[in-house]
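Q: Structure file work.cif, mmCIF, C-alpha atoms, is pasted below:
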```cif
data_upload
loop_
_atom_site.label_atom_id
_atom_site.label_comp_id
_atom_site.auth_asym_id
_atom_site.auth_seq_id
_atom_site.Cartn_x
_atom_site.Cartn_y
_atom_site.Cartn_z
CA MET A 1 69.20 -46.39 -16.76
CA ARG A 2 69.19 -44.20 -19.82
CA ARG A 3 70.02 -47.27 -21.84
CA ALA A 4 66.95 -49.05 -20.52
CA THR A 5 64.51 -46.20 -21.06
CA SER A 6 65.69 -45.67 -24.61
CA HIS A 7 65.37 -49.29 -25.66
CA PRO A 8 63.37 -49.65 -28.90
CA ALA A 9 61.32 -52.50 -27.43
CA LEU A 10 60.23 -50.57 -24.36
CA PRO A 11 56.91 -49.11 -25.71
CA SER A 12 55.76 -52.48 -26.97
CA LEU A 13 56.80 -54.21 -23.76
CA LEU A 14 54.82 -51.68 -21.77
CA LEU A 15 51.81 -52.23 -24.01
CA PHE A 16 51.93 -56.00 -23.64
CA ALA A 17 52.39 -55.74 -19.88
CA GLY A 18 49.41 -53.38 -19.88
CA MET A 19 47.36 -56.02 -21.66
CA VAL A 20 48.18 -58.50 -18.92
CA VAL A 21 47.22 -56.02 -16.22
CA ALA A 22 44.03 -55.11 -18.11
CA GLY A 23 43.18 -58.80 -18.30
CA PHE A 24 43.40 -59.18 -14.55
CA VAL A 25 41.37 -56.01 -14.07
CA ALA A 26 38.73 -57.30 -16.48
CA MET A 27 38.50 -60.55 -14.55
CA ALA A 28 38.13 -58.66 -11.28
CA LEU A 29 35.40 -56.43 -12.72
CA GLY A 30 33.66 -59.43 -14.22
CA TRP A 31 33.63 -61.09 -10.85
CA ARG A 32 32.36 -57.92 -9.22
CA VAL A 33 29.53 -57.44 -11.70
CA ALA A 34 28.54 -61.09 -11.52
CA ALA A 35 28.67 -61.18 -7.75
CA ARG A 36 26.51 -58.15 -7.15
CA THR A 37 23.40 -59.65 -8.71
CA LEU A 38 21.50 -62.89 -8.65
CA ASN A 39 20.18 -62.26 -12.12
CA VAL A 40 21.76 -64.94 -14.30
CA ALA A 41 21.01 -62.94 -17.42
CA GLY A 42 23.26 -60.26 -16.01
CA GLN A 43 25.91 -62.62 -14.73
CA VAL A 44 26.56 -64.42 -18.01
CA PRO A 45 27.76 -61.35 -19.95
CA ALA A 46 29.92 -60.38 -17.01
CA ILE A 47 31.53 -63.81 -16.90
CA ILE A 48 32.00 -63.93 -20.68
CA SER A 49 33.31 -60.41 -21.10
CA GLY A 50 35.16 -60.11 -17.85
CA GLY A 51 36.30 -63.63 -17.18
CA LEU A 52 36.99 -65.06 -20.60
CA GLY A 53 37.92 -61.71 -22.12
CA GLY A 54 40.30 -61.03 -19.26
CA LEU A 55 41.81 -64.50 -19.55
CA VAL A 56 42.39 -64.01 -23.28
CA LEU A 57 44.01 -60.64 -22.61
CA VAL A 58 46.32 -62.19 -20.04
CA ILE A 59 47.33 -65.07 -22.31
CA ILE A 60 47.87 -62.95 -25.40
CA GLY A 61 49.61 -60.21 -23.45
CA THR A 62 51.92 -62.69 -21.77
CA GLY A 63 52.75 -64.39 -25.06
CA LEU A 64 53.48 -61.16 -26.81
CA PHE A 65 55.52 -59.92 -23.87
CA VAL A 66 57.65 -63.07 -23.78
CA ALA A 67 58.12 -63.02 -27.55
CA GLN A 68 59.13 -59.38 -27.52
CA MET A 69 61.49 -59.97 -24.62
CA GLY A 70 63.14 -62.72 -26.66
CA ARG A 71 63.48 -60.43 -29.62
CA ALA A 72 64.84 -57.67 -27.43
CA SER A 73 67.34 -60.06 -25.87
CA GLY A 74 68.51 -61.19 -29.31
CA ALA A 75 68.87 -57.60 -30.37
CA GLU A 76 70.93 -56.91 -27.28
CA GLU A 77 73.25 -59.81 -28.15
CA ARG A 78 73.64 -58.52 -31.68
CA ASP A 79 74.40 -55.07 -30.34
CA SER A 80 77.01 -56.54 -28.02
CA LEU A 81 78.52 -58.51 -30.86
CA HIS A 82 78.72 -55.41 -33.00
CA ASP A 83 80.35 -53.55 -30.12
CA VAL A 84 82.95 -56.28 -29.75
CA LEU A 85 83.69 -56.25 -33.45
CA ASP A 86 84.00 -52.46 -33.48
CA ARG A 87 86.35 -52.48 -30.50
CA THR A 88 88.39 -55.22 -32.07
CA SER A 89 88.65 -53.25 -35.27
CA GLU A 90 89.79 -50.21 -33.37
CA VAL A 91 92.44 -52.24 -31.51
CA ILE A 92 93.74 -53.72 -34.75
CA GLN A 93 94.06 -50.28 -36.27
CA VAL A 94 95.98 -49.05 -33.21
CA VAL A 95 98.50 -51.93 -33.10
CA ARG A 96 99.23 -51.93 -36.84
CA PRO A 97 102.27 -49.71 -37.60
CA ASP A 98 101.13 -48.53 -41.02
CA GLY A 99 97.53 -47.99 -39.91
CA GLY A 100 96.02 -49.42 -43.09
CA PRO A 101 94.88 -52.74 -44.40
CA ARG A 102 97.40 -55.12 -45.86
CA MET B 1 -22.48 -73.93 55.09
CA ARG B 2 -22.60 -77.22 53.19
CA ALA B 3 -25.39 -75.87 50.98
CA GLY B 4 -23.17 -72.86 50.20
CA ILE B 5 -20.32 -75.13 49.20
CA ARG B 6 -22.61 -77.16 46.94
CA LEU B 7 -23.94 -73.98 45.36
CA ALA B 8 -20.41 -72.74 44.71
CA THR B 9 -19.36 -76.10 43.25
CA ALA B 10 -22.38 -76.13 40.97
CA ALA B 11 -21.68 -72.60 39.83
CA PHE B 12 -18.05 -73.54 39.09
CA ALA B 13 -19.15 -76.61 37.12
CA ILE B 14 -21.57 -74.55 35.07
CA GLY B 15 -18.89 -71.97 34.44
CA VAL B 16 -16.41 -74.57 33.21
CA ALA B 17 -19.04 -76.02 30.92
CA ILE B 18 -20.10 -72.68 29.48
CA ALA B 19 -16.71 -70.99 29.07
CA PRO B 20 -15.51 -72.87 25.95
CA ALA B 21 -18.79 -72.35 24.20
CA ALA B 22 -18.77 -68.69 25.10
CA ALA B 23 -15.26 -68.29 23.85
CA ALA B 24 -16.16 -70.06 20.62
CA HIS B 25 -18.79 -67.44 20.01
CA GLY B 26 -16.50 -64.57 20.84
CA VAL B 27 -18.02 -63.76 24.14
CA ALA B 28 -16.28 -63.67 27.49
CA ALA B 29 -18.38 -64.20 30.48
CA GLY B 30 -17.80 -63.34 34.10
CA SER B 31 -17.04 -59.65 34.07
CA GLY B 32 -20.58 -58.57 34.59
CA ARG B 33 -21.21 -57.80 30.90
CA ALA B 34 -20.47 -59.52 27.66
CA VAL B 35 -17.35 -58.20 25.91
CA LYS B 36 -16.78 -58.80 22.27
CA VAL B 37 -13.16 -59.92 22.05
CA PHE B 38 -12.86 -60.71 18.38
CA ALA B 39 -14.97 -60.79 15.29
CA HIS B 40 -14.60 -63.11 12.41
CA PRO B 41 -14.50 -61.16 9.16
CA ALA B 42 -16.68 -63.65 7.37
CA LYS B 43 -19.40 -63.18 9.92
CA SER B 44 -19.10 -59.46 10.33
CA GLY B 45 -18.71 -58.77 6.61
CA PRO B 46 -16.02 -56.78 4.90
CA LYS B 47 -15.05 -53.46 6.34
CA VAL B 48 -12.82 -50.74 5.07
CA LEU B 49 -9.74 -49.45 6.80
CA HIS B 50 -7.81 -46.33 5.99
CA PRO B 51 -4.24 -46.88 7.18
CA LEU B 52 -2.09 -43.84 7.57
CA ILE B 53 0.70 -43.01 5.15
CA THR B 54 3.43 -41.96 7.50
CA ALA B 55 6.44 -41.16 5.34
CA GLY B 56 7.78 -41.13 1.84
CA ALA B 57 11.03 -41.53 0.02
CA TRP B 58 12.30 -41.50 -3.50
CA TYR B 59 15.50 -42.83 -4.96
CA GLN B 60 17.34 -42.22 -8.16
CA PRO B 61 19.85 -44.44 -9.94
CA ASP B 62 23.39 -44.42 -8.73
CA PRO B 63 25.43 -43.10 -11.67
CA LEU B 64 28.11 -45.62 -10.80
CA CYS B 65 25.69 -48.42 -11.64
CA ALA B 66 26.32 -47.67 -15.31
CA THR B 67 30.01 -48.29 -14.84
CA PRO B 68 31.86 -51.50 -14.15
CA LEU B 69 32.65 -50.17 -10.67
CA GLY B 70 29.13 -51.02 -9.66
CA CYS B 71 26.44 -49.48 -7.56
CA GLY B 72 27.49 -47.98 -4.29
CA PHE B 73 31.21 -48.12 -5.04
CA ILE B 74 31.38 -44.57 -3.72
CA PRO B 75 28.53 -43.62 -1.34
CA LEU B 76 26.82 -40.54 -2.69
CA PRO B 77 24.71 -38.23 -0.52
CA ALA B 78 21.05 -37.75 -1.31
CA LEU B 79 20.57 -34.95 -3.78
CA SER B 80 17.16 -34.00 -5.12
CA PRO B 81 16.96 -31.55 -8.01
CA TYR B 82 13.28 -31.07 -7.30
CA PRO B 83 11.49 -29.04 -4.62
CA LYS B 84 11.56 -30.41 -1.13
CA GLY B 85 8.61 -32.53 -0.22
CA THR B 86 8.05 -33.93 -3.70
CA TYR B 87 8.47 -37.58 -4.55
CA HIS B 88 9.06 -38.98 -7.99
CA VAL B 89 8.65 -42.03 -10.15
CA GLY B 90 9.88 -41.96 -13.70
CA THR B 91 11.56 -43.57 -16.64
CA ALA B 92 13.43 -42.28 -19.65
CA VAL B 93 14.82 -44.01 -22.74
CA GLY B 94 14.41 -47.43 -21.25
CA ARG B 95 15.94 -46.60 -17.91
CA GLN B 96 14.30 -46.06 -14.59
CA THR B 97 15.06 -42.56 -13.41
CA ALA B 98 13.21 -42.50 -10.10
CA ARG B 99 11.33 -44.81 -7.78
CA ALA B 100 9.33 -43.87 -4.74
CA PHE B 101 8.33 -45.54 -1.51
CA ILE B 102 5.59 -44.70 0.93
CA ALA B 103 5.54 -45.96 4.46
CA VAL B 104 2.22 -47.14 5.79
CA ASN B 105 1.06 -48.22 9.20
CA LEU B 106 -1.09 -51.18 8.28
CA GLY B 107 -1.59 -52.84 11.60
CA PRO B 108 -2.40 -56.50 12.22
CA GLN B 109 -5.77 -56.38 10.49
CA ALA B 110 -4.08 -55.94 7.13
CA ALA B 111 -3.29 -59.63 7.16
CA ASN B 112 -6.96 -60.22 6.40
CA ALA B 113 -7.15 -57.68 3.60
CA SER B 114 -8.74 -58.88 0.41
CA ASP B 115 -8.87 -55.71 -1.62
CA GLY B 116 -7.83 -52.12 -1.48
CA THR B 117 -7.17 -48.92 -3.30
CA LEU B 118 -4.27 -46.52 -3.27
CA SER B 119 -4.94 -43.06 -4.58
CA ILE B 120 -2.14 -40.56 -4.95
CA PRO B 121 -2.86 -36.99 -6.06
CA LEU B 122 -0.27 -35.91 -8.59
CA ASP B 123 1.63 -32.69 -8.81
CA THR B 124 1.62 -31.89 -12.52
CA SER B 125 3.85 -28.84 -12.30
CA LEU B 126 6.85 -29.03 -14.59
CA THR B 127 8.97 -27.22 -12.05
CA ASP B 128 8.23 -29.95 -9.54
CA GLY B 129 9.53 -32.60 -11.90
CA SER B 130 6.36 -33.79 -13.56
CA LEU B 131 6.81 -34.91 -17.15
CA ASP B 132 3.99 -36.33 -19.26
CA PRO B 133 2.21 -37.97 -16.32
CA GLN B 134 -0.53 -39.23 -18.64
CA ALA B 135 1.92 -41.79 -19.97
CA ALA B 136 2.80 -43.07 -16.53
CA LYS B 137 2.55 -46.78 -15.93
CA VAL B 138 3.37 -47.60 -12.36
CA ASN B 139 3.63 -50.84 -10.50
CA VAL B 140 2.75 -50.85 -6.83
CA CYS B 141 4.82 -53.39 -4.95
CA VAL B 142 5.20 -54.14 -1.28
CA THR B 143 8.27 -53.71 0.84
CA TYR B 144 8.99 -55.39 4.11
CA GLN B 145 11.76 -52.99 5.02
CA ALA B 146 11.37 -49.71 6.81
CA VAL B 147 10.95 -46.69 4.56
CA VAL B 148 13.19 -43.85 5.63
CA ASP B 149 12.14 -40.35 4.68
CA VAL B 150 14.72 -39.36 2.11
CA GLU B 151 14.58 -37.48 -1.15
CA GLY B 152 16.80 -38.24 -4.08
CA ALA B 153 18.99 -40.85 -2.42
CA PHE B 154 21.25 -43.03 -4.50
CA ASP B 155 21.77 -45.96 -2.16
CA ASN B 156 20.05 -48.19 0.33
CA ALA B 157 16.64 -48.23 -1.23
CA PRO B 158 14.35 -50.75 0.42
CA SER B 159 13.95 -53.89 -1.61
CA ALA B 160 10.57 -54.22 -3.22
CA ASN B 161 8.67 -57.39 -3.76
CA CYS B 162 6.87 -57.08 -7.06
CA LEU B 163 5.58 -60.61 -7.43
CA PRO B 164 2.80 -59.88 -7.78
CA ALA B 165 2.44 -56.16 -8.34
CA ALA B 166 -0.59 -53.95 -8.57
CA HIS B 167 -0.89 -51.66 -11.51
CA ALA B 168 -1.60 -48.00 -11.02
CA LYS B 169 -3.33 -45.90 -13.64
CA TYR B 170 -3.38 -42.21 -14.31
CA VAL B 171 -6.76 -40.64 -13.80
CA ALA B 172 -7.20 -37.09 -14.99
CA LYS B 173 -10.51 -36.13 -13.40
CA PRO B 174 -11.51 -34.51 -11.17
CA THR B 175 -7.87 -33.84 -10.39
CA PRO B 176 -4.88 -35.72 -11.77
CA HIS B 177 -4.10 -38.62 -9.55
CA LEU B 178 -2.80 -42.13 -9.64
CA VAL B 179 -5.11 -44.95 -8.66
CA ALA B 180 -4.02 -48.48 -7.95
CA ASN B 181 -6.29 -51.38 -7.25
CA LEU B 182 -4.48 -53.40 -4.63
CA ARG B 183 -6.45 -56.58 -5.09
CA ARG B 184 -3.48 -58.47 -6.49
CA ILE B 185 -1.29 -57.73 -3.49
CA ALA B 186 -3.88 -57.40 -0.78
CA HIS B 187 -3.47 -60.99 0.36
CA GLY B 188 0.19 -60.50 1.13
CA LEU B 189 0.12 -57.44 3.31
CA SER B 190 1.11 -59.12 6.53
CA GLY B 191 4.31 -57.53 7.74
CA VAL B 192 4.37 -54.96 4.97
CA LYS B 193 5.89 -51.68 6.01
CA GLY B 194 5.34 -49.74 2.84
CA PHE B 195 4.62 -49.67 -0.83
CA ALA B 196 7.07 -49.19 -3.64
CA LEU B 197 6.05 -47.25 -6.72
CA LEU B 198 8.10 -48.43 -9.67
CA PRO B 199 7.87 -47.70 -13.38
CA ALA B 200 6.05 -50.59 -14.96
CA ASP B 201 7.11 -50.04 -18.52
CA ALA B 202 10.59 -48.84 -19.36
CA ALA B 203 10.20 -48.68 -23.11
CA PRO B 204 13.14 -47.09 -24.91
CA THR B 205 10.89 -44.63 -26.66
CA THR B 206 8.99 -43.30 -23.67
CA ALA B 207 9.92 -40.78 -21.04
CA TRP B 208 7.64 -39.77 -18.23
CA GLN B 209 7.85 -38.83 -14.60
CA ILE B 210 5.22 -38.27 -12.00
CA ALA B 211 5.58 -36.17 -8.92
CA PHE B 212 3.48 -36.23 -5.80
CA LYS B 213 3.55 -34.72 -2.36
CA LEU B 214 2.93 -36.10 1.06
CA PRO B 215 1.39 -33.25 3.02
CA THR B 216 2.38 -33.09 6.64
CA ALA B 217 0.57 -31.62 9.57
CA SER B 218 2.01 -28.21 8.80
CA THR B 219 1.24 -28.24 5.11
CA SER B 220 -1.98 -28.49 3.24
CA GLY B 221 -3.01 -30.09 0.02
CA PRO B 222 -4.59 -33.26 -1.25
CA LYS B 223 -3.38 -36.29 0.57
CA PRO B 224 -2.75 -39.77 -0.76
CA THR B 225 -5.29 -42.16 0.57
CA LEU B 226 -5.06 -45.85 1.20
CA SER B 227 -8.11 -47.95 1.80
CA LEU B 228 -8.10 -51.64 2.54
CA VAL B 229 -11.04 -53.96 2.51
CA ILE B 230 -10.83 -56.32 5.43
CA GLY B 231 -12.72 -59.53 5.11
CA ALA B 232 -13.82 -61.90 2.42
CA VAL B 233 -14.65 -60.39 -0.92
CA HIS B 234 -15.61 -62.82 -3.62
CA HIS B 235 -14.18 -61.98 -6.98
CA VAL B 236 -15.95 -63.70 -9.78
CA VAL B 237 -14.50 -63.96 -13.20
CA SER B 238 -17.22 -64.44 -15.69
CA LYS B 239 -15.09 -65.08 -18.74
CA PRO B 240 -11.64 -66.46 -18.21
CA THR B 241 -9.55 -65.44 -21.16
CA LYS B 242 -6.48 -66.90 -22.76
CA THR B 243 -4.45 -63.88 -21.83
CA HIS B 244 -5.30 -64.25 -18.21
CA HIS B 245 -1.81 -65.44 -17.25
CA ALA B 246 0.43 -63.80 -19.75
CA GLY B 247 -1.66 -60.94 -20.92
CA LYS B 248 -1.62 -57.24 -20.50
CA GLY B 249 -2.16 -57.32 -16.80
CA ASP B 250 1.12 -59.04 -16.14
CA LYS B 251 3.47 -57.55 -18.61
CA GLY B 252 4.74 -54.88 -16.31
CA ALA B 253 5.43 -56.93 -13.23
CA GLN B 254 9.12 -56.85 -12.66
CA PRO B 255 11.15 -58.44 -9.95
CA ASP B 256 13.24 -56.06 -8.02
CA THR B 257 16.94 -56.17 -8.73
CA GLY B 258 18.20 -54.42 -5.68
CA PRO B 259 19.86 -51.07 -5.98
CA ASP B 260 20.49 -51.36 -9.64
CA LEU B 261 17.68 -49.13 -10.83
CA GLY B 262 18.60 -49.16 -14.42
CA ALA B 263 18.53 -52.82 -15.14
CA GLY B 264 15.59 -53.80 -17.27
CA VAL B 265 15.08 -57.30 -16.05
CA PRO B 266 12.52 -59.36 -17.87
CA ALA B 267 9.58 -60.18 -15.72
CA PRO B 268 8.44 -63.70 -15.13
CA THR B 269 4.70 -63.68 -15.34
CA LEU B 270 2.74 -65.19 -12.55
CA PRO B 271 -0.79 -66.39 -12.53
CA SER B 272 -3.22 -64.28 -10.66
CA THR B 273 -4.18 -65.93 -7.43
CA THR B 274 -6.90 -63.61 -6.30
CA GLU B 275 -9.41 -64.42 -8.95
CA THR B 276 -11.20 -67.68 -8.55
CA VAL B 277 -12.28 -69.61 -11.58
CA PRO B 278 -14.43 -72.71 -11.29
CA PRO B 279 -12.47 -75.75 -12.42
CA SER B 280 -15.09 -76.63 -14.98
CA ASN B 281 -14.64 -73.29 -16.68
CA GLN B 282 -10.87 -73.35 -16.77
CA GLN B 283 -9.39 -73.42 -20.20
CA PRO B 284 -5.86 -74.33 -21.19
CA VAL B 285 -3.65 -71.34 -20.81
CA ILE B 286 -1.98 -70.45 -24.06
CA ALA B 287 1.11 -68.37 -23.50
CA GLN B 288 1.68 -65.64 -26.01
CA PRO B 289 5.31 -65.75 -27.02
CA THR B 290 5.20 -62.31 -28.54
CA THR B 291 4.29 -60.82 -25.18
CA ARG B 292 7.19 -62.52 -23.46
CA LEU B 293 9.67 -61.67 -26.19
CA ARG B 294 8.94 -58.02 -25.69
CA HIS B 295 10.70 -58.20 -22.38
CA LEU B 296 13.69 -60.10 -23.70
CA VAL B 297 14.61 -57.61 -26.39
CA THR B 298 17.15 -55.14 -25.16
CA VAL B 299 18.38 -52.18 -27.08
CA GLY B 300 21.93 -51.00 -26.83
CA TYR B 301 24.72 -52.03 -24.57
CA GLN B 302 24.81 -51.65 -20.84
CA TYR B 303 28.21 -50.03 -21.21
CA PRO B 304 28.22 -47.91 -24.39
CA GLU B 305 31.98 -47.53 -24.03
CA VAL B 306 32.23 -50.97 -25.62
CA TRP B 307 32.07 -49.19 -28.98
CA LEU B 308 35.61 -47.97 -28.33
CA LEU B 309 36.95 -51.53 -28.48
CA PRO B 310 37.04 -51.76 -32.30
CA LEU B 311 38.85 -48.43 -32.41
CA ALA B 312 41.34 -49.73 -29.88
CA LEU B 313 41.87 -52.86 -31.97
CA ILE B 314 42.40 -50.77 -35.10
CA VAL B 315 45.21 -48.98 -33.29
CA LEU B 316 46.65 -51.91 -31.37
CA ILE B 317 46.89 -54.53 -34.11
CA PRO B 318 49.10 -52.50 -36.48
CA PHE B 319 51.15 -51.31 -33.53
CA THR B 320 51.68 -54.89 -32.39
CA ILE B 321 52.62 -56.08 -35.88
CA ARG B 322 55.05 -53.19 -36.23
CA ALA B 323 56.51 -53.84 -32.78
CA LEU B 324 57.03 -57.52 -33.49
CA THR B 325 58.71 -57.01 -36.87
CA LYS B 326 60.89 -53.97 -36.51
CA ASP B 327 64.60 -54.22 -35.86
CA LEU B 328 65.24 -53.79 -32.15
CA THR B 329 68.99 -53.22 -32.44
CA ARG B 330 70.08 -49.80 -31.39
CA ASN B 331 70.99 -47.25 -33.99
CA ARG B 332 74.73 -46.92 -34.16
#
```
Written as structure tokens, how would this file's structure read?

A:
Amino acid sequence: MRRATSHPALPSLLLFAGMVVAGFVAMALGWRVAARTLNVAGQVPAIISGGLGGLVLVIIGTGLFVAQMGRASGAEERDSLHDVLDRTSEVIQVVRPDGGPR
Amino acid sequence: MRAGIRLATAAFAIGVAIAPAAAAHGVAAGSGRAVKVFAHPAKSGPKVLHPLITAGAWYQPDPLCATPLGCGFIPLPALSPYPKGTYHVGTAVGRQTARAFIAVNLGPQAANASDGTLSIPLDTSLTDGSLDPQAAKVNVCVTYQAVVDVEGAFDNAPSANCLPAAHAKYVAKPTPHLVANLRRIAHGLSGVKGFALLPADAAPTTAWQIAFKLPTASTSGPKPTLSLVIGAVHHVVSKPTKTHHAGKGDKGAQPDTGPDLGAGVPAPTLPSTTETVPPSNQQPVIAQPTTRLRHLVTVGYQYPEVWLLPLALIVLIPFTIRALTKDLTRNR
């Protein structure tokens, strides 16, 4: 748990997820504003700002989130690889009788 | 006996023959005296009625209308910052701040109205909410919904039909009052339950508010008066002008947009239907684009918070670039 909350990618992942949520909220508000009036001049801005703006937020947020997840996963693999190498180095030092490099 | 039957038959035949003619002339026969059952306005001439103003109401914009949540998202109770019994119509910095309704008991004869006048004495006291009433430009529209006596309500205002609308003017003497010639709306008063008083001009640079009272039986003071002319009144236009359709008289007519009091919706201009112009005198109507464009120009954003978006982008873009380029491996 502590490992997850201290991950370097967590703030950015939260931000990108927030963009996705904000996009859906914008679409809902756009629909609400457009639906409460019959005035087309008032509906068009609501559709543009809410609908298209929300859709763009969802797409960009999702893309960034997926990209950052990929980067975070790669970083996790590198961390694991470094851990394996460190452990291996420690084991080698333990099993060698002289304790130093040949 | 036979002579009596013949006499009765003859009397019945005469009655059947006379009854339609009598009815056509508005006279009913057979009750011992002639009873006038109806009178055609064209024959009896125009007459003036004074319908009673029975109630009033005024509404103010729902503050939630300026937010994406929308009007009425949270029902707010009526709250008037002005003295009880005062009703208000006003605008400030391009936004409608108050609209008023008055309930009238027109009766069936109003369907034949051809003209009329609405006079509303104004309360010019600052403490009662009056602000620069000389600048007031008010549209008088009709409403077909019941007007509930409420002061300062945010929701459930009756919908007003402002196509067409009558224009009310401020008159200073002998006492300040608002006078509206109802000729433009007099022909559509059938079924009307009240009048809506709406700001006609919501210019960004003007701010005014009028206040008026509706005295009850227990209170005194000048009373608003409504007079309707029933019957045919011939309006003659001597000089039809080019601005007849899109001129000054129509620039303030605004369609009602429901509870959203703040929306400045451009008004489609309608030709006046009450003034008759001989076909030979009709001239091509030349619309004045400058007059229409005045209504299309809007100043500012409906949601001023939109100015925060560039600031958010200034913060978010560098943060995103930094997040996508920094090393995500843990410090060891």

Q: I need the output of the PyMOL selection byres ((chain A) within 9 of (chain B)) for this file as a PyMOL selection string; which residues are they?

A: chain A and resi 7-9+11-12+15-16+29-30+32-33+36-39+41-42+64+67-68+71-72+74-79

Q: Mind giving me the straight-line distance from atom CA of B:Pro83 to atom CA of B:Val147 in Å, one decimal?

A: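 These atoms are spaced 19.9 Å apart.
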
Q: Report the distance between atom CA of B:Tyr303 and atom CA of A:Ser49 in Å, rounded to one decimal place.

A: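 These atoms are spaced 11.6 Å apart.
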
Q: Give the answer as one residue: which of B:Pro164, B:Pro108, B:Gly221, B:Gly231 has the shortest atom-to-atom distance to B:Asn139, using all atoms listed in the file?

A: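 When distances to B:Asn139 are compared using all atoms listed in the file, the smallest one comes from B:Pro164.
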
Q: If we count all atoms listed in the file and set the cut-off at 7 Å, which residues sit around stretch 90-105 of chain B, ignoring sequence neighbours fewer than 4 positions away in its own chain? Please answer as number ranges by chain.

A: B: 51-61, 147, 193-199, 202-210, 261-262

Q: Using all atoms listed in the file, which of B:Ile314, B:Leu308, B:Leu189, B:Ala172 sits nearest B:Ile120?

A: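 Between B:Ile314, B:Leu308, B:Leu189, B:Ala172, the residue approaching B:Ile120 most closely is B:Ala172.
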
Q: Interatomic distance between atom CA of B:Ala135 and atom CA of B:Pro224?

A: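 Straight-line distance from atom CA of B:Ala135 to atom CA of B:Pro224 works out to 19.9 Å.
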
Q: Using only C-alpha atoms and a cutoff of 9 Å, can you tell me which residues are near (43.0, -61.7, -15.9) in the file's coordinates, and write them out as a short mmCIF file (atom, residue, chain, number, x, y, z; two decimals) with C-alpha atoms, in the frame of the given file?

A:
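Ended up saving to selection-v5.cif:
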```
data_model
loop_
_atom_site.label_atom_id
_atom_site.label_comp_id
_atom_site.auth_asym_id
_atom_site.auth_seq_id
_atom_site.Cartn_x
_atom_site.Cartn_y
_atom_site.Cartn_z
CA VAL A 20 48.18 -58.50 -18.92
CA VAL A 21 47.22 -56.02 -16.22
CA ALA A 22 44.03 -55.11 -18.11
CA GLY A 23 43.18 -58.80 -18.30
CA PHE A 24 43.40 -59.18 -14.55
CA VAL A 25 41.37 -56.01 -14.07
CA ALA A 26 38.73 -57.30 -16.48
CA MET A 27 38.50 -60.55 -14.55
CA ALA A 28 38.13 -58.66 -11.28
CA GLY A 50 35.16 -60.11 -17.85
CA GLY A 51 36.30 -63.63 -17.18
CA LEU A 52 36.99 -65.06 -20.60
CA GLY A 53 37.92 -61.71 -22.12
CA GLY A 54 40.30 -61.03 -19.26
CA LEU A 55 41.81 -64.50 -19.55
CA VAL A 56 42.39 -64.01 -23.28
CA LEU A 57 44.01 -60.64 -22.61
CA VAL A 58 46.32 -62.19 -20.04
CA ILE A 59 47.33 -65.07 -22.31
#
```

Q: Quick one: apply the PyMOL selection byres ((chain B and resi 117) around 6) to the file and drop the selected residues here as an MDAnalysis selection string.

A: chainID B and resid 116 118 180:182 226:227

Q: Given the selection you just returned, output its residues as a file containing C-alpha atoms, formatted as a compact mmCIF listing (two decimals), in the coordinates of the input.

A:
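Written output follows (out-v9.txt):
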```txt
# COMPACT_ATOMS: atom_id res chain seq x y z
CA GLY B 116 -7.83 -52.12 -1.48
CA LEU B 118 -4.27 -46.52 -3.27
CA ALA B 180 -4.02 -48.48 -7.95
CA ASN B 181 -6.29 -51.38 -7.25
CA LEU B 182 -4.48 -53.40 -4.63
CA LEU B 226 -5.06 -45.85 1.20
CA SER B 227 -8.11 -47.95 1.80
```

Q: My list of candidates is B:Pro81, B:Ala165, B:Leu228, B:Val48. Which is closest to B:Ala153 when distances are computed with all atoms listed in the file?

A: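 That would be B:Pro81, the residue with the smallest distance to B:Ala153.
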
Q: Counting only C-alpha atoms, what is within 8 Å of B:His177, bar same-chain residues fewer than 3 positions away, as a PyMOL selection string?

A: chain B and resi 119-122+170-173

Q: Expand the PyMOL selection byres ((chain B and resi 110) around 10) into the individual residues it matches in the shown file, reporting them as a VMD selection string.

A: chain B and resid 49 51 105 to 109 111 to 115 186 to 192 228 to 231
